[in-house]
Amino acid sequence: MISRALIISVVVMAAVASAMSFYVWRTRSRAEHVDVLSSRNREVAAPVAGATEQVTLYIAYDDAGVLRAEPFRIALPAGRQQRIQELLRALLKAYVGKSSPHPIDPGSSIRDVYLVEPGLAVIDVNGAFANGHRSGVLVEELTVASMVQTLSANMAGITRVKILVDGKTRDTLAGHVDLASFYDVSAVSRLAAQLQ
Amino acid sequence: MHWSSGSNFQLAKKFSYSSSVITSLLLLAASFCFIAGNSLLSLLAQNANNGEKKITIYSSTANYSLPITERNGLEYVGLLELLEPVGAVNAKVSGKKWSLHFKDVKSEFTSGDTRARIQKNDVTLPANFILENGRGLVSLSSLTTLLPQMLGVPITFHDSARRLFIAGSEIHFTAAVNNTALVFNFTLPVNPMIATEPGKLRMVFNHEPLLSALNALTFADKTIHSTTFRENNGAAEIEITGSGPLFAKFSNDGRTITVIPAPQAVALTTQPGSNPPPASQTVASGAATPKAGAEVKPVFAIIDASHGGDERGAALTDQVAEKDVTLAFARHLMQELESRGLSSRLLREGDVTLTLEQRANRGNTANASVYICLHAASDGNGIRLYTALLPAPLPASGDPKKLFSDWNIAQSPFLQLSHIVETSIAAELSNRHIPSRSLMAPLGPLNNITTAALAIELGPGDAGVSDLSSHQYQQEMASYIANGVQAARAQLEAKR
């Protein structure tokens, strides 16, 4: 004779197992679409409150393939690290807008900025920034030069810049421009001069 | 068995609870196995995508490949995706009905049904039509029934190879041995991927509607023995066997491929992984590291068609990948350089994946006077020339002959030579009124090259992006670049 408790346990666990299996199956089939949608809909974080300051952003223009220094007024916090972060966020905001001269993935954002040692700034961008970036030598070069030059033009004392993606080193931005090495700020300044 | 006494009843109760717990644990374990199995299947499916099944369609407007979806043990393809490159098409879903409007032809399909209607004719498909997330899938076996009626032209379908030819879009070829060279003449220009191994050379035609009446030919030749034509997974392949390594040369604007015994002197192969990445962060300067007993004959130029294999580079159009354009362009450039007496080699001759370190190693061990890396882009126009972006101030001119250099700035002592070639090519392009631009770029592996090194990015010409895959445009640009390299030859050779 099979006990009632056993029958109830078996039925309940069978129901739980079936429900979990169905849930996993549904989740797996939707996962890809959800990832893409969430990355597309993510917005760049709003700048922090604080006194606005005039800064120079090096904006890339795809049509002419140039970098142009342009004055902007943005709110900047007091901390050096946070200032760099806001500066780069303001730059990315210029690129994700509707009339962007150098469109990048709308989900692009700066995850963090670290000042590791005197002169070295590490910029950690999110996966959408790199994964959604257009591929090509010039278009990738404009993005990197724009970031490094904007940073060095507004923050004295930065001599080297390293770009991480989701906290990890990556070989290239989108198949061409090197992200594995450290960027020498003075070399990028010479490049920025060529690009103007 | 019958439980009646009190102690036996307690035992039975305990046994019953233990059984419940064990059963529950087993079910939980089964659930986790199912979840783990699902995850494993996802991983396997992702890995399997690398060698995924595909169908290739050849038409007068475009040649393209589509992935195959397997349902109920049969192979299916999206009908809308299949017709899209051929002409204007749109689809509408209404419940289980899927209506398709291709040019002036209206057709209607029902999910899970073999019956369909094209214009006013009823047709019966060999397998059920499937509607998935608004996407209409038809079995491959249905294509010979559907397409002639929808397109209004005859089609030929090689079902085992999954190659579909629409209205006579075919390329044929002849093959003949002439003085230890096997010469293939094609009716239209071709651009196959080439892979070699000792005694064999394979040419894979992914985008060309190549057909052959003969499957195999044998030759009474000591060096080249036979050639075989095969079709598989949406591609055609010609395999040539010989007594030693073989080498393919392109001419006649891509209409002729000549297979000859490979020059034994230069130890360059296209097999992935044959050159390990550098073990340390230094590189032997001018590093010729011949294998024991092998003579390494220097070449003037080493041409690196960027990307390849799994790394497709930029998607220049929906159908054209950067890796294919760079390889075709590299072949034109090699031909142009050799016709000017400048011995040249391709760093990759087939569709293989190479790391930047492998490219740098092969570039350096070729002991060439100049390393030219080729890229292509759909933006801008003309040609862009790039030299290495090195830290400033640059190290004092340096001694190119010193034994070891820093891997990351190995290019430093050669940067002046690189600028000489860049300036010479830019001058030639300017004389020809071709737009060009010279820039520095943080582009691998330029920094690691121990000779004059530059990257050339081919942009569209006056005809737009279609220029990038045009043999004529590539040939023309390659010719101007070769002129520029030739003009810098004396300076390059004098300063090395």
# chains A, B, ... in the order shown; residues from 1 in each chain; ligands from 1

$ residues_around --residues "Asn154 in chain A" --least-positions-apart "3" --cutoff "10 Å" --atoms "only C-alpha atoms" --output "number ranges by chain"
A: 54-57, 83-84, 87, 149-151, 157-158

$ write_last_selection --atoms "C-alpha atoms" --output "mmCIF file, in the first residue's frame"
data_model
loop_
_atom_site.group_PDB
_atom_site.id
_atom_site.type_symbol
_atom_site.label_atom_id
_atom_site.label_comp_id
_atom_site.auth_asym_id
_atom_site.auth_seq_id
_atom_site.Cartn_x
_atom_site.Cartn_y
_atom_site.Cartn_z
ATOM 1 C CA GLN A 54 33.204 75.279 -18.881
ATOM 2 C CA VAL A 55 35.077 72.316 -20.317
ATOM 3 C CA THR A 56 36.451 71.416 -23.725
ATOM 4 C CA LEU A 57 35.096 68.254 -25.315
ATOM 5 C CA ARG A 83 35.015 64.824 -12.506
ATOM 6 C CA ILE A 84 36.617 62.575 -15.135
ATOM 7 C CA LEU A 87 33.348 64.627 -18.282
ATOM 8 C CA GLN A 149 42.029 63.911 -25.665
ATOM 9 C CA THR A 150 38.949 65.193 -23.808
ATOM 10 C CA LEU A 151 40.291 63.704 -20.621
ATOM 11 C CA GLY A 157 48.609 65.426 -14.863
ATOM 12 C CA ILE A 158 47.146 62.474 -16.818
#

$ residues_around --residues "Leu385 in chain B" --least-positions-apart "3" --cutoff "10 Å" --atoms "only C-alpha atoms" --output "mmCIF file with N, CA and C atoms, in the first residue's frame"
data_model
loop_
_atom_site.group_PDB
_atom_site.id
_atom_site.type_symbol
_atom_site.label_atom_id
_atom_site.label_comp_id
_atom_site.auth_asym_id
_atom_site.auth_seq_id
_atom_site.Cartn_x
_atom_site.Cartn_y
_atom_site.Cartn_z
ATOM 1 N N CYS B 373 49.728 46.198 -44.327
ATOM 2 C CA CYS B 373 48.522 45.583 -43.775
ATOM 3 C C CYS B 373 47.309 46.228 -44.458
ATOM 4 N N LEU B 374 46.384 45.414 -44.948
ATOM 5 C CA LEU B 374 45.253 45.961 -45.710
ATOM 6 C C LEU B 374 43.948 45.872 -44.927
ATOM 7 N N HIS B 375 43.205 46.971 -44.939
ATOM 8 C CA HIS B 375 41.873 47.025 -44.335
ATOM 9 C C HIS B 375 40.910 47.597 -45.377
ATOM 10 N N HIS B 419 57.324 56.128 -42.815
ATOM 11 C CA HIS B 419 56.831 57.413 -43.331
ATOM 12 C C HIS B 419 57.281 57.645 -44.771
ATOM 13 N N VAL B 421 57.595 55.351 -47.110
ATOM 14 C CA VAL B 421 56.684 54.600 -47.989
ATOM 15 C C VAL B 421 55.319 55.287 -48.025
ATOM 16 N N GLU B 422 54.866 55.707 -46.855
ATOM 17 C CA GLU B 422 53.554 56.366 -46.766
ATOM 18 C C GLU B 422 53.520 57.611 -47.656
ATOM 19 N N THR B 423 54.560 58.431 -47.547
ATOM 20 C CA THR B 423 54.616 59.671 -48.321
ATOM 21 C C THR B 423 54.665 59.370 -49.816
ATOM 22 N N ILE B 425 53.479 56.709 -51.396
ATOM 23 C CA ILE B 425 52.163 56.238 -51.880
ATOM 24 C C ILE B 425 51.188 57.412 -51.947
ATOM 25 N N ALA B 426 51.220 58.277 -50.925
ATOM 26 C CA ALA B 426 50.309 59.425 -50.901
ATOM 27 C C ALA B 426 50.562 60.323 -52.113
ATOM 28 N N SER B 436 43.211 60.816 -50.579
ATOM 29 C CA SER B 436 43.945 59.999 -49.613
ATOM 30 C C SER B 436 44.214 60.819 -48.356
ATOM 31 N N ARG B 437 44.496 60.123 -47.290
ATOM 32 C CA ARG B 437 44.747 60.784 -46.007
ATOM 33 C C ARG B 437 45.789 59.970 -45.255
ATOM 34 N N SER B 438 46.732 60.642 -44.631
ATOM 35 C CA SER B 438 47.775 59.945 -43.869
ATOM 36 C C SER B 438 47.597 60.239 -42.385
ATOM 37 N N LEU B 439 47.525 59.180 -41.601
ATOM 38 C CA LEU B 439 47.295 59.333 -40.164
ATOM 39 C C LEU B 439 48.151 58.337 -39.384
ATOM 40 N N MET B 440 48.327 58.632 -38.091
ATOM 41 C CA MET B 440 48.865 57.609 -37.192
ATOM 42 C C MET B 440 47.664 56.816 -36.677
ATOM 43 N N ALA B 441 47.891 55.598 -36.249
ATOM 44 C CA ALA B 441 46.772 54.818 -35.704
ATOM 45 C C ALA B 441 47.262 53.799 -34.685
ATOM 46 N N LEU B 454 53.119 49.837 -42.729
ATOM 47 C CA LEU B 454 51.962 50.729 -42.784
ATOM 48 C C LEU B 454 50.698 49.930 -43.056
ATOM 49 N N ALA B 455 49.580 50.526 -42.645
ATOM 50 C CA ALA B 455 48.283 49.922 -42.929
ATOM 51 C C ALA B 455 47.589 50.781 -43.971
ATOM 52 N N ILE B 456 46.913 50.124 -44.890
ATOM 53 C CA ILE B 456 46.196 50.841 -45.950
ATOM 54 C C ILE B 456 44.727 50.455 -45.852
ATOM 55 N N GLU B 457 43.880 51.467 -45.731
ATOM 56 C CA GLU B 457 42.441 51.205 -45.655
ATOM 57 C C GLU B 457 41.798 51.620 -46.974
ATOM 58 N N LEU B 458 41.208 50.648 -47.638
ATOM 59 C CA LEU B 458 40.561 50.901 -48.927
ATOM 60 C C LEU B 458 39.149 51.404 -48.674
#

$ closest_atom_pairs --of "chain A" --to "chain B" --cutoff "7 Å" --atoms "only C-alpha atoms" --output "tab-separated table"
residue	atom	partner	partner_atom	distance
A:Ser3	CA	B:Ser16	CA	6.1
A:Leu6	CA	B:Ser20	CA	4.8
A:Ser9	CA	B:Ser20	CA	6.1
A:Val10	CA	B:Ser24	CA	6.6
A:Met13	CA	B:Ser24	CA	6.2
A:Ala14	CA	B:Leu27	CA	6.8
A:Ala17	CA	B:Ser31	CA	5.2
A:Ser21	CA	B:Phe34	CA	6.8
A:Val24	CA	B:Ile35	CA	6.8
A:Ser135	CA	B:Ala314	CA	5.0
A:Gly136	CA	B:Ala377	CA	5.9
A:Glu141	CA	B:Ala441	CA	6.9
A:Gly175	CA	B:Gly313	CA	6.0
A:His176	CA	B:Leu443	CA	6.1
A:Val177	CA	B:Leu443	CA	5.0
A:Asp178	CA	B:Pro442	CA	5.6
A:Asp184	CA	B:Pro391	CA	5.5
A:Ser186	CA	B:Ala392	CA	6.2
A:Ala187	CA	B:Pro391	CA	5.2
A:Leu191	CA	B:Met440	CA	6.2
A:Gln194	CA	B:Leu439	CA	6.6

$ residues_around --residues "Leu342 in chain B" --least-positions-apart "3" --cutoff "6 Å" --atoms "only C-alpha atoms" --output "list of chain:residue names"
B:Phe300, B:Leu337, B:Glu338

$ residues_around --residues "range 52-63 of chain B" --least-positions-apart "2" --cutoff "10 Å" --atoms "only C-alpha atoms" --output "PyMOL selection string"
chain B and resi 45-50+65-70+75-77+82-83+85-87+140+155-159+161-170+206-210+232-235+319

$ write_last_selection --atoms "C-alpha atoms" --output "mmCIF file, in the first residue's frame"
data_model
loop_
_atom_site.group_PDB
_atom_site.id
_atom_site.type_symbol
_atom_site.label_atom_id
_atom_site.label_comp_id
_atom_site.auth_asym_id
_atom_site.auth_seq_id
_atom_site.Cartn_x
_atom_site.Cartn_y
_atom_site.Cartn_z
ATOM 1 C CA ALA B 45 24.098 25.206 -29.737
ATOM 2 C CA GLN B 46 26.283 28.314 -29.521
ATOM 3 C CA ASN B 47 29.382 26.292 -30.375
ATOM 4 C CA ALA B 48 27.610 24.512 -33.169
ATOM 5 C CA ASN B 49 26.846 27.899 -34.753
ATOM 6 C CA ASN B 50 30.470 28.160 -35.851
ATOM 7 C CA SER B 65 23.900 32.487 -47.734
ATOM 8 C CA LEU B 66 21.196 31.899 -45.145
ATOM 9 C CA PRO B 67 21.245 29.725 -42.014
ATOM 10 C CA ILE B 68 19.262 26.490 -41.944
ATOM 11 C CA THR B 69 16.779 25.806 -39.155
ATOM 12 C CA GLU B 70 15.982 22.201 -38.286
ATOM 13 C CA GLU B 75 15.745 21.452 -42.891
ATOM 14 C CA TYR B 76 13.889 24.765 -43.106
ATOM 15 C CA VAL B 77 14.760 28.262 -44.289
ATOM 16 C CA LEU B 82 15.400 34.084 -49.024
ATOM 17 C CA LEU B 83 13.425 36.396 -51.328
ATOM 18 C CA PRO B 85 17.788 40.150 -51.798
ATOM 19 C CA VAL B 86 16.045 39.175 -55.053
ATOM 20 C CA GLY B 87 13.247 41.746 -54.999
ATOM 21 C CA LEU B 140 14.214 23.034 -48.388
ATOM 22 C CA ILE B 155 15.705 27.318 -60.675
ATOM 23 C CA THR B 156 18.224 24.542 -60.123
ATOM 24 C CA PHE B 157 18.601 23.205 -56.590
ATOM 25 C CA HIS B 158 21.501 20.980 -55.549
ATOM 26 C CA ASP B 159 19.758 19.725 -52.430
ATOM 27 C CA ALA B 161 24.943 20.621 -51.144
ATOM 28 C CA ARG B 162 22.208 23.192 -50.429
ATOM 29 C CA ARG B 163 23.085 25.374 -53.429
ATOM 30 C CA LEU B 164 20.241 27.137 -55.252
ATOM 31 C CA PHE B 165 20.808 28.620 -58.712
ATOM 32 C CA ILE B 166 18.222 31.088 -60.010
ATOM 33 C CA ALA B 167 17.841 31.544 -63.769
ATOM 34 C CA GLY B 168 21.196 30.452 -65.113
ATOM 35 C CA SER B 169 23.445 32.362 -62.712
ATOM 36 C CA GLU B 170 26.416 30.032 -63.151
ATOM 37 C CA ASN B 206 31.461 30.581 -50.874
ATOM 38 C CA HIS B 207 29.861 33.236 -53.037
ATOM 39 C CA GLU B 208 30.499 32.100 -56.600
ATOM 40 C CA PRO B 209 27.889 30.018 -58.487
ATOM 41 C CA LEU B 210 30.598 27.626 -59.604
ATOM 42 C CA ASN B 232 28.974 20.929 -49.651
ATOM 43 C CA ASN B 233 27.031 23.111 -47.191
ATOM 44 C CA GLY B 234 26.326 25.943 -49.625
ATOM 45 C CA ALA B 235 29.814 26.136 -51.087
ATOM 46 C CA GLN B 319 26.776 40.439 -47.885
#

$ residues_around --residues "Thr228 in chain B" --least-positions-apart "6" --cutoff "10 Å" --atoms "only C-alpha atoms" --output "JSON, numbers by chain"
{"B": [202, 212, 214, 215, 216, 217, 218, 237, 238, 239, 240, 241]}

$ write_last_selection --atoms "N, CA and C atoms" --output "PDB file, in the first residue's frame"
ATOM      1  N   ARG B 202      43.327  23.696 -51.406  1.00  0.00           N
ATOM      2  CA  ARG B 202      41.865  23.726 -51.522  1.00  0.00           C
ATOM      3  C   ARG B 202      41.403  25.144 -51.784  1.00  0.00           C
ATOM      4  N   SER B 212      30.530  22.439 -62.247  1.00  0.00           N
ATOM      5  CA  SER B 212      31.429  21.655 -63.091  1.00  0.00           C
ATOM      6  C   SER B 212      30.723  20.378 -63.523  1.00  0.00           C
ATOM      7  N   LEU B 214      32.415  17.821 -64.553  1.00  0.00           N
ATOM      8  CA  LEU B 214      33.284  16.719 -64.128  1.00  0.00           C
ATOM      9  C   LEU B 214      33.600  16.832 -62.642  1.00  0.00           C
ATOM     10  N   ASN B 215      33.623  15.715 -61.946  1.00  0.00           N
ATOM     11  CA  ASN B 215      33.938  15.750 -60.522  1.00  0.00           C
ATOM     12  C   ASN B 215      35.428  15.584 -60.262  1.00  0.00           C
ATOM     13  N   ALA B 216      36.134  14.895 -61.141  1.00  0.00           N
ATOM     14  CA  ALA B 216      37.565  14.670 -60.903  1.00  0.00           C
ATOM     15  C   ALA B 216      38.332  14.604 -62.218  1.00  0.00           C
ATOM     16  N   LEU B 217      39.547  15.138 -62.183  1.00  0.00           N
ATOM     17  CA  LEU B 217      40.451  15.072 -63.336  1.00  0.00           C
ATOM     18  C   LEU B 217      41.804  14.607 -62.832  1.00  0.00           C
ATOM     19  N   THR B 218      42.456  13.723 -63.559  1.00  0.00           N
ATOM     20  CA  THR B 218      43.813  13.340 -63.172  1.00  0.00           C
ATOM     21  C   THR B 218      44.770  13.752 -64.284  1.00  0.00           C
ATOM     22  N   GLU B 237      33.948  23.549 -53.874  1.00  0.00           N
ATOM     23  CA  GLU B 237      35.353  23.431 -53.493  1.00  0.00           C
ATOM     24  C   GLU B 237      36.122  22.718 -54.592  1.00  0.00           C
ATOM     25  N   ILE B 238      37.288  23.251 -54.906  1.00  0.00           N
ATOM     26  CA  ILE B 238      38.189  22.556 -55.825  1.00  0.00           C
ATOM     27  C   ILE B 238      39.424  22.169 -55.023  1.00  0.00           C
ATOM     28  N   GLU B 239      39.751  20.887 -55.062  1.00  0.00           N
ATOM     29  CA  GLU B 239      40.946  20.426 -54.340  1.00  0.00           C
ATOM     30  C   GLU B 239      41.967  19.925 -55.351  1.00  0.00           C
ATOM     31  N   ILE B 240      43.185  20.379 -55.186  1.00  0.00           N
ATOM     32  CA  ILE B 240      44.259  19.963 -56.089  1.00  0.00           C
ATOM     33  C   ILE B 240      45.275  19.174 -55.261  1.00  0.00           C
ATOM     34  N   THR B 241      45.676  18.016 -55.765  1.00  0.00           N
ATOM     35  CA  THR B 241      46.704  17.253 -55.059  1.00  0.00           C
ATOM     36  C   THR B 241      47.982  17.228 -55.893  1.00  0.00           C
TER      37      THR B 241
END

$ residues_around --residues "range 114-127 of chain A" --least-positions-apart "6" --cutoff "12 Å" --atoms "only C-alpha atoms" --output "MDAnalysis selection string"
chainID A and resid 35:36 39:40 42:44 79:89 92 105:108 133 144 147:148 151:152 155:170 173:174 179 181:186

$ write_last_selection --atoms "N, CA and C atoms" --output "compact mmCIF listing (two decimals), in the first residue's frame"
# COMPACT_ATOMS: atom_id res chain seq x y z
N ASP A 35 18.11 40.70 -23.72
CA ASP A 35 19.42 41.32 -23.61
C ASP A 35 19.56 42.49 -24.57
N VAL A 36 19.16 42.22 -25.84
CA VAL A 36 19.32 43.24 -26.86
C VAL A 36 18.45 44.45 -26.50
N SER A 39 19.78 46.49 -23.53
CA SER A 39 20.96 47.30 -23.83
C SER A 39 20.58 48.51 -24.68
N ARG A 40 19.59 48.34 -25.56
CA ARG A 40 19.17 49.45 -26.41
C ARG A 40 18.46 50.54 -25.59
N ARG A 42 18.84 51.26 -22.42
CA ARG A 42 19.54 51.84 -21.28
C ARG A 42 19.97 53.26 -21.60
N GLU A 43 19.85 54.13 -20.65
CA GLU A 43 20.22 55.51 -20.90
C GLU A 43 21.49 55.87 -20.17
N VAL A 44 22.15 56.87 -20.69
CA VAL A 44 23.36 57.35 -20.03
C VAL A 44 22.93 58.06 -18.74
N GLY A 79 35.37 65.80 -6.56
CA GLY A 79 36.40 64.74 -6.64
C GLY A 79 36.97 64.60 -8.04
N ARG A 80 38.28 64.40 -8.10
CA ARG A 80 38.97 64.31 -9.39
C ARG A 80 38.46 63.12 -10.23
N GLN A 81 38.30 62.00 -9.56
CA GLN A 81 37.84 60.79 -10.24
C GLN A 81 36.42 60.98 -10.80
N GLN A 82 35.57 61.58 -9.94
CA GLN A 82 34.18 61.81 -10.35
C GLN A 82 34.10 62.84 -11.48
N ARG A 83 35.01 63.79 -11.45
CA ARG A 83 35.01 64.82 -12.51
C ARG A 83 35.30 64.18 -13.87
N ILE A 84 36.28 63.26 -13.87
CA ILE A 84 36.62 62.58 -15.13
C ILE A 84 35.41 61.78 -15.62
N GLN A 85 34.77 61.12 -14.67
CA GLN A 85 33.61 60.30 -15.01
C GLN A 85 32.51 61.16 -15.65
N GLU A 86 32.22 62.29 -15.04
CA GLU A 86 31.17 63.16 -15.57
C GLU A 86 31.56 63.76 -16.91
N LEU A 87 32.84 64.07 -17.03
CA LEU A 87 33.35 64.63 -18.28
C LEU A 87 33.11 63.63 -19.43
N LEU A 88 33.46 62.37 -19.18
CA LEU A 88 33.30 61.35 -20.22
C LEU A 88 31.83 61.03 -20.46
N ARG A 89 31.03 61.10 -19.40
CA ARG A 89 29.58 60.88 -19.59
C ARG A 89 28.99 61.97 -20.47
N LEU A 92 29.91 61.11 -24.04
CA LEU A 92 29.08 60.03 -24.60
C LEU A 92 27.67 60.52 -24.88
N ASP A 105 26.48 53.22 -29.74
CA ASP A 105 25.34 52.47 -29.22
C ASP A 105 24.62 53.28 -28.13
N PRO A 106 23.28 53.40 -28.22
CA PRO A 106 22.56 54.20 -27.21
C PRO A 106 22.72 53.66 -25.79
N GLY A 107 23.06 52.41 -25.66
CA GLY A 107 23.25 51.84 -24.32
C GLY A 107 24.64 52.07 -23.75
N SER A 108 25.49 52.80 -24.46
CA SER A 108 26.88 53.01 -24.02
C SER A 108 26.93 53.82 -22.73
N HIS A 133 29.75 49.13 -31.04
CA HIS A 133 30.52 50.14 -31.78
C HIS A 133 30.67 49.72 -33.23
N VAL A 144 38.28 56.66 -29.62
CA VAL A 144 39.32 56.57 -28.60
C VAL A 144 40.04 57.92 -28.45
N MET A 147 37.95 60.44 -26.54
CA MET A 147 37.89 60.21 -25.08
C MET A 147 39.21 60.61 -24.40
N VAL A 148 40.31 60.13 -24.96
CA VAL A 148 41.61 60.38 -24.32
C VAL A 148 41.95 61.87 -24.38
N LEU A 151 39.82 63.91 -21.99
CA LEU A 151 40.29 63.70 -20.62
C LEU A 151 41.56 64.52 -20.34
N SER A 152 42.52 64.42 -21.25
CA SER A 152 43.81 65.10 -20.99
C SER A 152 43.68 66.61 -21.11
N MET A 155 41.95 67.60 -17.59
CA MET A 155 42.50 67.13 -16.32
C MET A 155 44.02 67.09 -16.42
N ALA A 156 44.65 68.02 -15.78
CA ALA A 156 46.12 68.08 -15.84
C ALA A 156 46.72 66.88 -15.12
N GLY A 157 47.87 66.47 -15.57
CA GLY A 157 48.61 65.43 -14.86
C GLY A 157 48.33 64.02 -15.34
N ILE A 158 47.40 63.82 -16.29
CA ILE A 158 47.15 62.47 -16.82
C ILE A 158 48.14 62.23 -17.96
N THR A 159 48.95 61.20 -17.83
CA THR A 159 49.94 60.92 -18.88
C THR A 159 49.62 59.64 -19.65
N ARG A 160 48.89 58.72 -19.00
CA ARG A 160 48.55 57.46 -19.68
C ARG A 160 47.09 57.11 -19.41
N VAL A 161 46.47 56.47 -20.39
CA VAL A 161 45.07 56.08 -20.24
C VAL A 161 44.91 54.63 -20.68
N LYS A 162 44.16 53.90 -19.89
CA LYS A 162 43.85 52.50 -20.25
C LYS A 162 42.34 52.37 -20.32
N ILE A 163 41.85 51.70 -21.35
CA ILE A 163 40.39 51.52 -21.48
C ILE A 163 40.04 50.05 -21.25
N LEU A 164 39.15 49.81 -20.30
CA LEU A 164 38.65 48.46 -20.02
C LEU A 164 37.20 48.37 -20.51
N VAL A 165 36.77 47.15 -20.79
CA VAL A 165 35.37 46.93 -21.16
C VAL A 165 34.78 45.97 -20.13
N ASP A 166 33.76 46.42 -19.44
CA ASP A 166 33.16 45.63 -18.36
C ASP A 166 34.22 45.15 -17.36
N GLY A 167 35.18 45.99 -17.09
CA GLY A 167 36.21 45.67 -16.10
C GLY A 167 37.31 44.76 -16.60
N LYS A 168 37.28 44.43 -17.89
CA LYS A 168 38.30 43.50 -18.42
C LYS A 168 39.05 44.12 -19.60
N THR A 169 40.29 43.64 -19.76
CA THR A 169 41.06 44.07 -20.92
C THR A 169 40.48 43.43 -22.17
N ARG A 170 40.45 44.19 -23.25
CA ARG A 170 39.92 43.68 -24.52
C ARG A 170 40.94 44.01 -25.60
N LEU A 173 38.71 47.63 -29.96
CA LEU A 173 37.39 48.21 -29.68
C LEU A 173 36.32 47.49 -30.51
N ALA A 174 36.49 47.46 -31.82
CA ALA A 174 35.51 46.76 -32.66
C ALA A 174 36.23 46.07 -33.81
N LEU A 179 42.91 48.12 -27.79
CA LEU A 179 42.52 48.46 -26.42
C LEU A 179 43.38 47.71 -25.41
N SER A 181 46.65 47.90 -25.07
CA SER A 181 47.80 48.68 -24.60
C SER A 181 47.35 49.92 -23.82
N PHE A 182 48.31 50.56 -23.20
CA PHE A 182 48.07 51.83 -22.52
C PHE A 182 48.23 52.94 -23.56
N TYR A 183 47.38 53.95 -23.48
CA TYR A 183 47.50 55.08 -24.41
C TYR A 183 48.38 56.16 -23.80
N ASP A 184 49.40 56.55 -24.56
CA ASP A 184 50.26 57.64 -24.15
C ASP A 184 49.56 58.94 -24.55
N VAL A 185 49.28 59.79 -23.57
CA VAL A 185 48.48 60.99 -23.81
C VAL A 185 49.14 61.92 -24.83
N SER A 186 50.47 62.05 -24.75
CA SER A 186 51.14 62.96 -25.70
C SER A 186 51.06 62.42 -27.12

$ atom_distance --atom1 "CA of Leu143 in chain B" --atom2 "CA of Glu81 in chain B"
13.2 Å

$ atom_distance --atom1 "CA of Thr124 in chain B" --atom2 "CA of Thr145 in chain B"
8.3 Å
